[in-house]
Structures are given as structure tokens and as C-alpha cells.
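Undergrad: Quick one, input.csv (CSV, C-alpha atoms and all ligand atoms):
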chain,number,residue,atom,x,y,z
A,1,MET,CA,-31.3,-30.3,55.4
A,2,ASP,CA,-32.1,-33.7,53.9
A,3,ASP,CA,-32.7,-32.2,50.5
A,4,LEU,CA,-29.2,-30.7,50.8
A,5,SER,CA,-27.6,-34.1,51.1
A,6,GLU,CA,-29.7,-35.4,48.2
A,7,LEU,CA,-28.6,-32.3,46.2
A,8,LYS,CA,-25.0,-33.0,47.2
A,9,THR,CA,-25.1,-36.6,46.1
A,10,ARG,CA,-26.8,-35.6,42.8
A,11,TRP,CA,-24.1,-32.9,42.0
A,12,LEU,CA,-21.2,-35.0,43.0
A,13,HIS,CA,-22.5,-37.7,40.7
A,14,LYS,CA,-22.8,-35.2,37.8
A,15,ILE,CA,-19.3,-33.9,38.4
A,16,ASP,CA,-18.0,-37.4,38.3
A,17,ALA,CA,-20.0,-38.2,35.2
A,18,ALA,CA,-18.8,-35.2,33.2
A,19,ALA,CA,-17.1,-36.7,30.2
A,20,ASP,CA,-14.8,-33.9,29.4
A,21,GLU,CA,-13.8,-30.4,30.5
A,22,THR,CA,-16.6,-28.7,28.6
A,23,ALA,CA,-19.2,-30.9,30.1
A,24,LEU,CA,-17.7,-30.3,33.5
A,25,GLU,CA,-17.8,-26.5,33.1
A,26,ALA,CA,-21.5,-26.8,32.2
A,27,VAL,CA,-22.1,-28.7,35.4
A,28,ARG,CA,-20.3,-26.1,37.4
A,29,VAL,CA,-22.4,-23.3,35.9
A,30,VAL,CA,-25.7,-25.1,36.6
A,31,ALA,CA,-24.6,-25.9,40.2
A,32,LEU,CA,-22.5,-23.0,41.4
A,33,GLY,CA,-23.0,-20.3,38.8
A,34,LYS,CA,-24.8,-17.1,39.7
A,35,LYS,CA,-28.2,-18.6,39.0
A,36,GLY,CA,-27.0,-22.1,39.9
A,37,GLU,CA,-29.0,-24.4,42.2
A,38,VAL,CA,-26.5,-24.0,45.1
A,39,SER,CA,-26.5,-20.2,44.7
A,40,LEU,CA,-30.2,-20.0,44.8
A,41,LYS,CA,-30.1,-22.0,48.0
A,42,MET,CA,-27.7,-19.4,49.4
A,43,ARG,CA,-30.1,-16.7,48.5
A,44,GLU,CA,-32.8,-18.4,50.6
A,45,LEU,CA,-30.6,-17.7,53.7
A,46,GLY,CA,-31.8,-14.1,53.6
A,47,LYS,CA,-35.4,-15.2,54.3
A,48,MET,CA,-34.4,-17.3,57.3
A,49,THR,CA,-34.5,-16.3,60.9
A,50,PRO,CA,-31.0,-15.6,62.4
A,51,GLU,CA,-31.2,-18.9,64.3
A,52,GLU,CA,-32.0,-20.9,61.2
A,53,ARG,CA,-29.4,-19.0,59.2
A,54,GLN,CA,-26.7,-19.9,61.8
A,55,VAL,CA,-27.3,-23.5,61.2
A,56,ALA,CA,-28.0,-23.4,57.4
A,57,GLY,CA,-25.2,-21.0,56.5
A,58,PRO,CA,-22.1,-23.1,57.4
A,59,VAL,CA,-23.8,-26.2,56.0
A,60,LEU,CA,-24.4,-24.5,52.6
A,61,ASN,CA,-20.9,-23.0,52.6
A,62,ALA,CA,-19.4,-26.4,53.3
A,63,LEU,CA,-21.5,-27.9,50.5
A,64,LYS,CA,-20.3,-25.2,48.1
A,65,LYS,CA,-16.7,-25.8,49.0
A,66,GLU,CA,-17.1,-29.5,48.7
A,67,LEU,CA,-18.6,-29.2,45.2
A,68,ASN,CA,-15.9,-26.7,44.2
A,69,ASP,CA,-13.1,-29.0,45.3
A,70,ALA,CA,-14.7,-32.0,43.6
A,71,ILE,CA,-14.8,-29.9,40.3
A,72,ILE,CA,-11.1,-29.0,40.7
A,73,VAL,CA,-10.2,-32.6,41.2
A,74,ARG,CA,-12.3,-33.8,38.3
A,75,ARG,CA,-10.9,-31.1,36.0
A,76,LYS,CA,-7.4,-32.1,36.8
A,77,GLY,CA,-8.3,-35.7,36.2
A,78,LEU,CA,-9.9,-34.9,32.8
A,79,ALA,CA,-6.9,-32.8,31.8
A,80,ASP,CA,-4.5,-35.6,32.7
A,81,ALA,CA,-6.6,-38.1,30.8
A,82,ALA,CA,-6.8,-35.8,27.7
A,83,LEU,CA,-3.0,-35.4,27.8
A,84,ALA,CA,-2.4,-39.1,28.3
A,85,ALA,CA,-4.7,-39.8,25.3
A,86,ARG,CA,-2.8,-37.3,23.1
A,87,LEU,CA,0.5,-38.7,24.2
A,88,ALA,CA,-0.7,-42.2,23.3
A,89,THR,CA,-1.6,-41.1,19.7
A,90,GLU,CA,0.9,-38.3,19.0
A,91,TRP,CA,4.1,-39.7,20.3
A,92,VAL,CA,7.4,-38.8,18.6
A,93,ASP,CA,10.5,-40.8,18.9
A,94,VAL,CA,13.1,-38.1,19.4
A,95,SER,CA,15.9,-40.6,19.1
A,96,LEU,CA,15.1,-41.3,15.4
A,97,PRO,CA,17.6,-39.7,12.9
A,98,GLY,CA,16.2,-36.7,11.0
A,99,ARG,CA,15.2,-37.0,7.4
A,100,PRO,CA,18.3,-35.9,5.4
A,101,ARG,CA,17.6,-32.8,3.3
A,102,ARG,CA,20.4,-31.6,1.1
A,103,ALA,CA,21.1,-27.9,1.2
A,104,GLY,CA,21.4,-26.4,-2.3
A,105,THR,CA,24.5,-24.5,-3.4
A,106,ILE,CA,25.2,-21.1,-4.9
A,107,HIS,CA,26.2,-21.5,-8.6
A,108,PRO,CA,29.8,-20.3,-9.3
A,109,VAL,CA,28.4,-17.7,-11.8
A,110,SER,CA,26.2,-16.2,-9.0
A,111,ARG,CA,29.1,-16.4,-6.6
A,112,VAL,CA,31.5,-14.7,-8.9
A,113,THR,CA,28.9,-12.0,-9.8
A,114,GLU,CA,28.6,-11.3,-6.1
A,115,GLU,CA,32.3,-11.2,-5.6
A,116,VAL,CA,32.8,-8.8,-8.5
A,117,THR,CA,30.0,-6.6,-7.3
A,118,VAL,CA,31.4,-6.4,-3.8
A,119,ILE,CA,34.8,-5.4,-5.0
A,120,PHE,CA,33.6,-2.8,-7.4
A,121,ALA,CA,31.0,-1.5,-4.9
A,122,ASP,CA,34.0,-0.8,-2.6
A,123,MET,CA,35.5,1.3,-5.4
A,124,GLY,CA,32.2,3.3,-5.7
A,125,PHE,CA,30.6,1.5,-8.6
A,126,ALA,CA,26.9,1.0,-8.6
A,127,VAL,CA,25.1,-1.9,-10.5
A,128,ALA,CA,23.2,-1.1,-13.7
A,129,GLU,CA,21.0,-3.4,-15.8
A,130,GLY,CA,19.8,-3.6,-19.4
A,131,PRO,CA,17.5,-5.9,-21.4
A,132,GLN,CA,18.7,-9.2,-22.8
A,133,ILE,CA,16.6,-8.8,-25.9
A,134,GLU,CA,18.2,-5.7,-27.3
A,135,THR,CA,17.6,-3.6,-30.4
A,136,ASP,CA,20.2,-3.9,-33.1
A,137,TRP,CA,20.8,-0.2,-32.6
A,138,TYR,CA,21.8,-0.4,-29.0
A,139,ASN,CA,23.8,-3.6,-29.4
A,140,PHE,CA,25.7,-2.4,-32.5
A,141,ASP,CA,25.1,1.1,-34.0
A,142,ALA,CA,25.1,3.1,-30.8
A,143,LEU,CA,28.5,1.5,-30.0
A,144,ASN,CA,29.9,2.7,-33.3
A,145,ILE,CA,29.7,-0.8,-34.9
A,146,ALA,CA,28.6,0.0,-38.4
A,147,PRO,CA,26.3,-2.4,-40.3
A,148,GLU,CA,29.2,-3.7,-42.5
A,149,HIS,CA,31.6,-3.9,-39.5
A,150,PRO,CA,33.1,-7.4,-39.1
A,151,ALA,CA,32.2,-7.4,-35.4
A,152,ARG,CA,28.6,-8.1,-36.3
A,153,GLN,CA,29.7,-11.3,-37.9
A,154,GLU,CA,32.3,-12.1,-35.2
A,155,HIS,CA,29.6,-11.9,-32.6
A,156,ASP,CA,27.6,-14.8,-34.1
A,157,THR,CA,24.5,-12.9,-33.3
A,158,PHE,CA,21.1,-14.5,-32.5
A,159,TYR,CA,18.4,-12.5,-34.3
A,160,MET,CA,14.8,-12.3,-33.2
A,161,LYS,CA,12.1,-13.2,-35.6
A,162,VAL,CA,10.5,-10.2,-37.2
A,163,PRO,CA,6.7,-10.4,-37.8
A,164,GLY,CA,5.7,-10.3,-41.5
A,165,GLY,CA,5.1,-6.7,-42.7
A,166,ASP,CA,7.4,-5.2,-40.1
A,167,ASP,CA,10.5,-3.6,-41.8
A,168,HIS,CA,12.4,-2.8,-38.6
A,169,ALA,CA,15.8,-4.3,-38.1
A,170,PRO,CA,15.3,-7.4,-36.1
A,171,SER,CA,16.1,-7.2,-32.3
A,172,VAL,CA,19.0,-9.4,-31.1
A,173,LEU,CA,19.9,-11.4,-28.0
A,174,ARG,CA,22.5,-9.0,-26.8
A,175,THR,CA,26.0,-10.2,-27.8
A,176,HIS,CA,27.7,-8.3,-25.0
A,177,THR,CA,26.8,-6.1,-22.0
A,178,SER,CA,28.2,-2.9,-23.7
A,179,PRO,CA,24.8,-1.6,-24.8
A,180,VAL,CA,24.1,-1.0,-21.1
A,181,GLN,CA,26.7,1.8,-21.3
A,182,VAL,CA,24.6,3.8,-23.7
A,183,ARG,CA,21.3,3.0,-22.0
A,184,HIS,CA,22.8,4.1,-18.6
A,185,LEU,CA,24.3,7.3,-20.0
A,186,GLU,CA,21.0,8.2,-21.7
A,187,GLY,CA,19.0,7.5,-18.5
A,188,GLN,CA,21.2,8.6,-15.7
A,189,GLY,CA,23.7,11.0,-17.4
A,190,VAL,CA,27.2,11.9,-16.2
A,191,PRO,CA,29.3,11.6,-14.1
A,192,CYS,CA,28.9,7.9,-13.5
A,193,ARG,CA,30.6,4.8,-12.2
A,194,ILE,CA,28.7,1.6,-12.9
A,195,ILE,CA,29.2,-2.1,-13.6
A,196,ALA,CA,26.6,-4.1,-15.5
A,197,PRO,CA,26.7,-7.8,-15.0
A,198,GLY,CA,24.4,-10.0,-17.0
A,199,ARG,CA,23.6,-12.7,-19.6
A,200,VAL,CA,24.8,-12.4,-23.1
A,201,TYR,CA,24.3,-14.7,-26.2
A,202,ARG,CA,26.4,-15.8,-29.1
A,203,ALA,CA,25.9,-18.8,-31.4
A,204,ASP,CA,29.0,-20.7,-30.3
A,205,TYR,CA,29.6,-24.0,-28.5
A,206,ASP,CA,32.8,-25.7,-27.4
A,207,GLN,CA,34.9,-26.2,-24.3
A,208,THR,CA,35.2,-22.5,-23.6
A,209,HIS,CA,32.1,-21.2,-25.4
A,210,THR,CA,28.4,-21.6,-24.7
A,211,PRO,CA,25.5,-19.9,-26.5
A,212,MET,CA,24.6,-18.1,-23.3
A,213,PHE,CA,27.3,-16.8,-21.0
A,214,HIS,CA,27.9,-13.9,-18.6
A,215,GLN,CA,29.7,-10.6,-18.9
A,216,VAL,CA,30.3,-7.7,-16.6
A,217,GLU,CA,30.6,-4.3,-18.2
A,218,GLY,CA,32.3,-1.4,-16.4
A,219,LEU,CA,31.9,2.3,-17.2
A,220,ALA,CA,33.4,5.4,-15.4
A,221,ILE,CA,32.8,8.8,-16.9
A,222,GLY,CA,34.0,12.1,-15.4
A,223,LYS,CA,35.8,15.3,-16.3
A,224,ASP,CA,39.2,13.8,-16.1
A,225,VAL,CA,38.9,10.1,-15.9
A,226,SER,CA,41.9,8.7,-17.6
A,227,MET,CA,43.6,5.5,-18.9
A,228,ALA,CA,45.7,5.6,-15.7
A,229,ASN,CA,42.5,5.4,-13.6
A,230,LEU,CA,41.4,2.4,-15.8
A,231,LYS,CA,44.7,0.7,-15.2
A,232,TRP,CA,44.6,1.3,-11.4
A,233,THR,CA,40.9,0.1,-11.2
A,234,LEU,CA,41.6,-3.1,-13.1
A,235,GLU,CA,44.7,-3.9,-11.1
A,236,GLU,CA,42.9,-3.3,-7.9
A,237,PHE,CA,40.1,-5.5,-9.0
A,238,CYS,CA,42.3,-8.4,-10.0
A,239,ARG,CA,44.3,-8.2,-6.8
A,240,ALA,CA,41.1,-8.4,-4.8
A,241,PHE,CA,39.4,-10.9,-7.0
A,242,PHE,CA,42.3,-13.4,-7.3
A,243,GLU,CA,43.4,-12.7,-3.7
A,244,ALA,CA,47.0,-12.3,-4.8
A,245,ASP,CA,49.0,-9.1,-4.2
A,246,GLY,CA,51.7,-9.5,-6.8
A,247,ILE,CA,49.3,-9.9,-9.6
A,248,GLY,CA,50.8,-9.0,-13.0
A,249,LEU,CA,48.7,-7.4,-15.7
A,250,ARG,CA,49.7,-6.6,-19.2
A,251,PHE,CA,47.9,-3.9,-21.2
A,252,ARG,CA,48.1,-4.8,-24.9
A,253,ALA,CA,47.0,-2.3,-27.6
A,254,SER,CA,43.9,-3.6,-29.3
A,255,HIS,CA,40.9,-2.4,-31.2
A,256,PHE,CA,37.2,-2.1,-30.3
A,257,PRO,CA,34.9,0.2,-32.3
A,258,PHE,CA,33.5,1.7,-29.0
A,259,THR,CA,36.8,2.6,-27.4
A,260,GLU,CA,39.8,4.8,-28.5
A,261,PRO,CA,42.4,3.9,-27.5
A,262,SER,CA,41.6,0.3,-26.7
A,263,ALA,CA,43.5,-2.3,-24.7
A,264,GLU,CA,43.1,-6.0,-24.0
A,265,VAL,CA,44.4,-7.0,-20.6
A,266,ASP,CA,46.3,-10.2,-19.9
A,267,ILE,CA,47.0,-11.6,-16.5
A,268,ARG,CA,50.3,-13.3,-15.6
A,269,CYS,CA,49.9,-17.1,-15.1
A,270,SER,CA,51.7,-20.4,-15.2
A,271,TRP,CA,50.8,-23.8,-16.4
A,272,LYS,CA,52.7,-26.2,-14.2
A,273,SER,CA,51.9,-29.8,-15.0
A,274,GLY,CA,48.6,-28.8,-16.5
A,275,GLN,CA,47.6,-26.8,-13.5
A,276,LEU,CA,46.8,-23.1,-14.1
A,277,ARG,CA,48.2,-20.7,-11.5
A,278,ILE,CA,47.2,-17.0,-11.6
A,279,GLY,CA,49.8,-14.3,-10.6
A,280,GLU,CA,53.0,-16.3,-11.2
A,281,GLY,CA,55.0,-17.7,-14.2
A,282,ASP,CA,55.8,-16.4,-17.7
A,283,ASP,CA,52.5,-17.0,-19.5
A,284,TRP,CA,49.8,-14.5,-20.1
A,285,LEU,CA,46.0,-15.1,-20.3
A,286,GLU,CA,43.6,-12.6,-21.8
A,287,ILE,CA,40.9,-11.7,-19.3
A,288,LEU,CA,39.2,-8.6,-20.6
A,289,GLY,CA,38.7,-5.8,-23.2
A,290,SER,CA,38.8,-2.1,-22.3
A,291,GLY,CA,39.6,1.4,-23.4
A,292,MET,CA,38.6,5.0,-23.3
A,293,VAL,CA,35.0,5.4,-24.3
A,294,HIS,CA,34.8,6.6,-28.0
A,295,PRO,CA,33.6,10.2,-28.4
A,296,LYS,CA,31.0,9.0,-30.8
A,297,VAL,CA,29.5,6.7,-28.2
A,298,LEU,CA,29.3,9.5,-25.7
A,299,ALA,CA,27.7,11.8,-28.3
A,300,VAL,CA,25.1,9.2,-29.3
A,301,ALA,CA,24.2,8.9,-25.6
A,302,GLY,CA,23.8,12.6,-25.3
A,303,VAL,CA,27.0,13.3,-23.4
A,304,ASP,CA,29.3,16.1,-24.7
A,305,PRO,CA,32.6,14.4,-25.6
A,306,ASP,CA,34.4,17.7,-25.3
A,307,ALA,CA,33.5,18.1,-21.6
A,308,TRP,CA,33.4,14.4,-20.5
A,309,GLN,CA,35.6,11.4,-20.9
A,310,GLY,CA,36.1,8.0,-19.2
A,311,PHE,CA,36.9,4.4,-19.5
A,312,ALA,CA,35.0,1.2,-20.1
A,313,PHE,CA,35.8,-2.5,-19.8
A,314,GLY,CA,34.1,-5.8,-20.4
A,315,MET,CA,35.0,-9.2,-19.0
A,316,GLY,CA,33.5,-12.7,-18.9
A,317,ILE,CA,32.1,-13.7,-15.5
A,318,ASP,CA,32.1,-17.4,-16.4
A,319,ARG,CA,35.7,-17.1,-17.5
A,320,LEU,CA,36.7,-15.4,-14.2
A,321,ALA,CA,35.0,-18.3,-12.4
A,322,MET,CA,36.9,-20.9,-14.4
A,323,LEU,CA,40.2,-19.2,-13.7
A,324,LYS,CA,39.7,-18.6,-10.0
A,325,TYR,CA,38.1,-21.9,-9.1
A,326,GLY,CA,39.9,-24.1,-11.6
A,327,ILE,CA,36.8,-25.3,-13.5
A,328,PRO,CA,37.9,-26.8,-16.8
A,329,ASP,CA,34.8,-26.9,-19.0
A,330,LEU,CA,32.4,-24.0,-19.5
A,331,ARG,CA,29.6,-26.2,-20.9
A,332,ALA,CA,29.2,-28.0,-17.6
A,333,PHE,CA,28.2,-24.6,-16.0
A,334,PHE,CA,24.8,-24.8,-17.6
A,335,GLU,CA,24.0,-28.5,-17.7
A,336,SER,CA,22.4,-28.5,-14.2
A,337,ASP,CA,24.2,-31.7,-13.2
A,338,LEU,CA,23.7,-32.0,-9.5
A,339,ARG,CA,27.0,-33.7,-8.9
A,340,TRP,CA,28.8,-30.7,-10.6
A,341,LEU,CA,26.7,-28.2,-8.6
A,342,ARG,CA,27.5,-29.9,-5.4
A,343,HIS,CA,31.2,-30.0,-6.2
A,344,TYR,CA,31.7,-26.5,-7.5
A,345,GLY,CA,28.8,-24.7,-5.8
A,346,PHE,CA,29.2,-22.5,-2.7
A,347,SER,CA,27.5,-22.6,0.7
A,348,ALA,CA,24.8,-20.0,0.9
A,349,LEU,CA,26.0,-19.2,4.5
A,350,ASN,CA,29.4,-18.3,3.3
A,351,GLY,CA,29.1,-15.1,1.3
A,352,PRO,CA,31.9,-13.2,-0.3
A,353,SER,CA,33.7,-10.8,1.9
A,354,GLN,CA,36.0,-7.9,1.2
A,355,HIS,CA,39.3,-9.4,0.4
A,356,ALA,CA,42.6,-8.4,2.0
A,357,GLY,CA,43.8,-7.0,-1.4
A,358,GLY,CA,40.9,-4.6,-1.6
A,359,THR,CA,41.1,-0.8,-1.4
A,360,GLY,CA,40.2,-0.9,2.3
A,401,LIG,N1,32.0,-5.8,-25.5
A,401,LIG,C1,33.3,-6.5,-25.7
A,401,LIG,C2,33.1,-7.9,-26.1
A,401,LIG,O1,32.1,-8.4,-25.8
A,401,LIG,C3,34.1,-6.3,-24.5
A,401,LIG,C4,34.6,-4.9,-24.2
A,401,LIG,C5,35.7,-4.5,-24.8
A,401,LIG,C6,33.8,-4.1,-23.5
A,401,LIG,C7,36.2,-3.2,-24.5
A,401,LIG,C8,34.2,-2.8,-23.2
A,401,LIG,C9,35.4,-2.3,-23.8
A,401,LIG,O2,33.5,-1.9,-22.5
A,401,LIG,O3,35.8,-1.1,-23.5
A,401,LIG,O4,34.0,-8.5,-26.6
Can the structure in the file be given as C-alpha cells, please?
Ligand code: DAH
TA:
Amino acid sequence: MDDLSELKTRWLHKIDAAADETALEAVRVVALGKKGEVSLKMRELGKMTPEERQVAGPVLNALKKELNDAIIVRRKGLADAALAARLATEWVDVSLPGRPRRAGTIHPVSRVTEEVTVIFADMGFAVAEGPQIETDWYNFDALNIAPEHPARQEHDTFYMKVPGGDDHAPSVLRTHTSPVQVRHLEGQGVPCRIIAPGRVYRADYDQTHTPMFHQVEGLAIGKDVSMANLKWTLEEFCRAFFEADGIGLRFRASHFPFTEPSAEVDIRCSWKSGQLRIGEGDDWLEILGSGMVHPKVLAVAGVDPDAWQGFAFGMGIDRLAMLKYGIPDLRAFFESDLRWLRHYGFSALNGPSQHAGGTG
């Protein structure tokens, strides 16, 4: 059994000398693995006489156990050392303050677009879209705005450049969202109930005008959709949007080439010490244009004006935002001044909900 004690010393030494867990595992395989040195010795037991085996068996088993225990102890030691080394290099001071990261805000235009969409969705209106670069035909002609009509000049239209040799009328940056009415009727037909929010463009710049701004168009066509439905819908919308029950609206006869009859809608307001208040007082503020869709517009879009009728309206989203949130200058909306965005922006976690004044 002398060679066993030599073997034991040798393996204990190797176990001790293993530099890491991988090396230790290699030592374990060579010593105690199936074909390991100790296992081979165990196999020799079979060739011994029963007497020899009685002596050698327990000794070998004890050796095996001793080596196994040594490996377990060493493994734990190595793991502890590895952890200690990691902790020494990778420590984190959890008491340090975090790096401040400013959360962005939702722009008032996005917020109001969402609010408007939520309110109209509740009344059964879906959202439709159209292109911002629009043909002259959809932007004007299809809406019954003839080439010589003053609206073409009033809209301060941006025209796209036409390549030399092309004699098509130039496309325009749409001056309003109304062309979406025709596109939607052509594509989806009737009956319909949609709103179409989006960017529009006019060459104009002062405190209440920017060359790009936002409108939302509304369109509802059915067999018997009437001016009364228009009035109810807009009153319901204003009540929900401005979160005021006693909102006063005034329908004023007006003219748009694409509606007949046409009405502009004013909302009751007051200017107390320079502060605008919606829903009270004796002043009126124009907020939108509307009317019954002109039969010519329906016909152009392939809808039979003798069988179908309905209303349309268009309002400025930026304007709604200025009124509701008391923002004085439209130009600041698009200057990307972070101070302005932090002041007037909305938390992304605080979405628009259905207001008490809704149709609920
Ligand atoms: N498109 C008009 C504008 O930009 C607004 C408008 C008025 C839209 C009456 C409508 C409407 O749908 O019926 O000034």
C-alpha cells in the first residue's frame, strides 16, 4: 500500500496546485474519472484474493473519498477567490447618485392630435390620411375651387418645381386637409365617418401663422346625415375637448367652395386682463369651418349626390392647442427650443383619457 500513499500525496498536491476551476476539473478526471488512476486501482480489486480485497478495498475507498473531499474544498476555495477578485475590480458604489437623464416630452401638437382622435373615435370616427405633396387637382379642382377662384391666392400655396418639358400643373404642398375627403371617398366609398389630421402648408409667417401647421378634417356621409348632426358633433367635441359643459358655440353663415351651406363656428370666450377663457364671457373666437359637402365634390369622388349627403369640417390643431393650453405664439411651436418643449410638453406617461364631457 506504499504506492497508495505516494499516489495520495501526489494527487493531493495536484489538487492544491490547480490554479482555477478548469484545471481542478482536469485533475479530477485524471484521478477519479472512469479511466482515472484511482479508478484503475479500484478495478485491480477484482483480481485480488478475497483476503487481499478485504484490506485493500476500504483503503482505496477511503483514498477516493479523501481526494473527492479535497477537490470539493479546493473548488470552493477557488470559487471564493474568483468572486473576491471580481468584487475587487467590479465594485459599484450603490450610494452614488444616478446620472440624471431628462425624459423627453410630448409636443402639444401631438398631444392635441391624440386628444382630438380619442374624442372623435368615441363618436365612431376612424382616422384617414393623405399625402402632403398633393396634386393641384385634389387640393383645389376636386374641391370645387376653380382655377380663377380667389381661394387659390388666399391659400398662399407652395408649388412644387415642375421638370422642364413637363406641362402638367405643378403639384402643391397641400394647403388644407380637405383633399383627404375626396381621396377617402374614392378609395373607401360611403357611408363613412372619418377625421384626417395632418400637416398643411401656406406661405405665411406671423404670431398666429407658420408656413407649416396642422389641421384636422372631418367627414361624415350617409343617407340622411344633416346639418343638425354636424352641430351636435361639433358641440360634443368642443365640450369634451375644452372640458367645459356650458360651452357656447355660434354657427355663422359663411362660404366655402366645397360646402353648401357653409358655416364658420365661433366659440364663446372672454378676455379678462389679457387672459383668454373658453366657455364664458361675451366674446367669440372663430375655431373652424364646416358645412354640408357640396354635391359637386361628392360627384367628383364617385358618390351619387342624389342618394348620399353629409357634413365636413376643418380646424387648426395648433390653434386648438394654443387655446386650450394658453400658448401665445404659434411660431414657438416649431422652433425646437428645449425650454419651450419642457414647459409646454406633456409627460409620455400621462395620455389623454376620455373626458367627462364625452358621449360616454
Ligand atoms: N379647408 C378649409 C380651410 O383650410 C377648412 C374647411 C372649411 C374644411 C369647411 C371643411 C369645411 O371641411 O367643410 O380653410
Undergrad: Looking at all atoms listed in the file, which of A:Ile267, A:Asp93, A:Ala121, A:Leu330 is the one that sits closest to Asp204 (chain A)?
TA: A:Leu330
Undergrad: Using all atoms listed in the file, can you tell me which of A:Ser270, A:Ser290, A:Ser262, A:Thr175 comes closest to ligand LIG 401 (chain A)?
TA: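 The closest residue to ligand LIG 401 (chain A) is A:Ser290.
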Undergrad: Return the single residue from A:Gly222, A:Gly314, A:Gly345, A:Gly165 that is closest to ligand LIG 401 (chain A), with distances computed using all atoms listed in the file.
TA: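 Of all the options, A:Gly314 lies closest to ligand LIG 401 (chain A).
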Undergrad: Would you work out the distance separating CA of Arg342 (chain A) from CA of Ser110 (chain A), expressed in Å to one decimal?
TA: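 Separating CA of Arg342 (chain A) from CA of Ser110 (chain A) is a distance of 14.2 Å.
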Undergrad: Any idea what's packed within 8 Å of Ile194 (chain A), counting only C-alpha atoms, ignoring anything in its chain fewer than 4 positions away? Could you give it as a ChimeraX atom specification?
TA: /A:125-128,218-220
Undergrad: How close does chain A get to ligand LIG 401 (chain A)? List, as a tab-separated table, each residue of chain A within 9 Å, its nearest atom pair and the distance in Å to one decimal, counting all atoms listed in the file.
TA:
residue	atom	partner	partner_atom	distance
A:His155	CA	A:LIG401	O1	8.0
A:Thr175	CA	A:LIG401	O1	6.7
A:His176	CA	A:LIG401	O1	4.5
A:Thr177	CA	A:LIG401	N1	6.3
A:Ser178	CA	A:LIG401	N1	5.1
A:Pro179	CA	A:LIG401	N1	8.4
A:Gln181	CA	A:LIG401	O2	7.8
A:Val200	CA	A:LIG401	O1	8.8
A:Gln215	CA	A:LIG401	O1	7.6
A:Val216	CA	A:LIG401	C6	8.5
A:Glu217	CA	A:LIG401	O2	5.7
A:Gly218	CA	A:LIG401	O2	6.2
A:Leu219	CA	A:LIG401	O2	6.9
A:His255	CA	A:LIG401	C7	8.2
A:Phe256	CA	A:LIG401	C7	6.0
A:Pro257	CA	A:LIG401	C7	8.6
A:Phe258	CA	A:LIG401	O3	6.6
A:Thr259	CA	A:LIG401	O3	5.5
A:Glu260	CA	A:LIG401	O3	8.7
A:Ser262	CA	A:LIG401	O3	6.8
A:Ala263	CA	A:LIG401	C7	7.4
A:Glu264	CA	A:LIG401	C7	7.5
A:Leu288	CA	A:LIG401	C3	6.8
A:Gly289	CA	A:LIG401	C5	3.6
A:Ser290	CA	A:LIG401	O3	3.4
A:Gly291	CA	A:LIG401	O3	4.5
A:Met292	CA	A:LIG401	O3	6.7
A:Val293	CA	A:LIG401	O3	6.6
A:His294	CA	A:LIG401	O3	9.0
A:Phe311	CA	A:LIG401	O3	6.9
A:Ala312	CA	A:LIG401	O3	4.2
A:Phe313	CA	A:LIG401	O2	3.6
A:Gly314	CA	A:LIG401	C6	3.5
A:Met315	CA	A:LIG401	C3	6.3
A:Gly316	CA	A:LIG401	O1	8.2
Undergrad: Just the number, please: distance in Å from CA of Leu349 (chain A) to CA of Val118 (chain A), one decimal.
TA: 16.2 Å
Undergrad: What would region 270-275 of chain A look like with all heavy atoms in place, written as a compact mmCIF listing (two decimals), keeping the file's coordinate frame?
TA:
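Now in rebuild.txt:
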# COMPACT_ATOMS: atom_id res chain seq x y z
N SER A 270 50.85 -19.26 -14.85
CA SER A 270 51.70 -20.40 -15.20
C SER A 270 50.92 -21.62 -15.39
O SER A 270 49.83 -21.76 -14.83
CB SER A 270 52.77 -20.59 -14.10
OG SER A 270 52.15 -21.19 -12.99
N TRP A 271 51.43 -22.52 -16.21
CA TRP A 271 50.80 -23.80 -16.40
C TRP A 271 51.76 -24.88 -15.95
O TRP A 271 52.52 -25.41 -16.75
CB TRP A 271 50.49 -24.03 -17.91
CG TRP A 271 49.41 -23.14 -18.44
CD1 TRP A 271 49.57 -21.96 -19.08
CD2 TRP A 271 48.01 -23.38 -18.39
NE1 TRP A 271 48.36 -21.43 -19.44
CE2 TRP A 271 47.38 -22.29 -19.03
CE3 TRP A 271 47.21 -24.41 -17.87
CZ2 TRP A 271 45.99 -22.20 -19.15
CZ3 TRP A 271 45.83 -24.31 -18.00
CH2 TRP A 271 45.23 -23.21 -18.63
N LYS A 272 51.78 -25.14 -14.65
CA LYS A 272 52.70 -26.20 -14.20
C LYS A 272 51.95 -27.50 -14.13
O LYS A 272 50.92 -27.60 -13.47
CB LYS A 272 53.18 -25.80 -12.75
CG LYS A 272 54.47 -24.99 -12.79
CD LYS A 272 55.12 -24.88 -11.41
CE LYS A 272 56.00 -23.65 -11.35
NZ LYS A 272 55.83 -22.87 -10.12
N SER A 273 52.50 -28.48 -14.83
CA SER A 273 51.90 -29.80 -15.00
C SER A 273 50.37 -29.72 -15.15
O SER A 273 49.59 -30.32 -14.41
CB SER A 273 52.26 -30.72 -13.79
OG SER A 273 52.05 -30.07 -12.55
N GLY A 274 50.02 -28.92 -16.14
CA GLY A 274 48.60 -28.80 -16.50
C GLY A 274 47.74 -28.03 -15.55
O GLY A 274 46.55 -27.86 -15.76
N GLN A 275 48.37 -27.52 -14.49
CA GLN A 275 47.60 -26.80 -13.50
C GLN A 275 47.82 -25.26 -13.70
O GLN A 275 48.95 -24.79 -13.69
CB GLN A 275 48.13 -27.18 -12.09
CG GLN A 275 47.38 -26.56 -10.93
CD GLN A 275 46.17 -27.40 -10.53
OE1 GLN A 275 46.15 -28.61 -10.74
NE2 GLN A 275 45.17 -26.75 -9.98
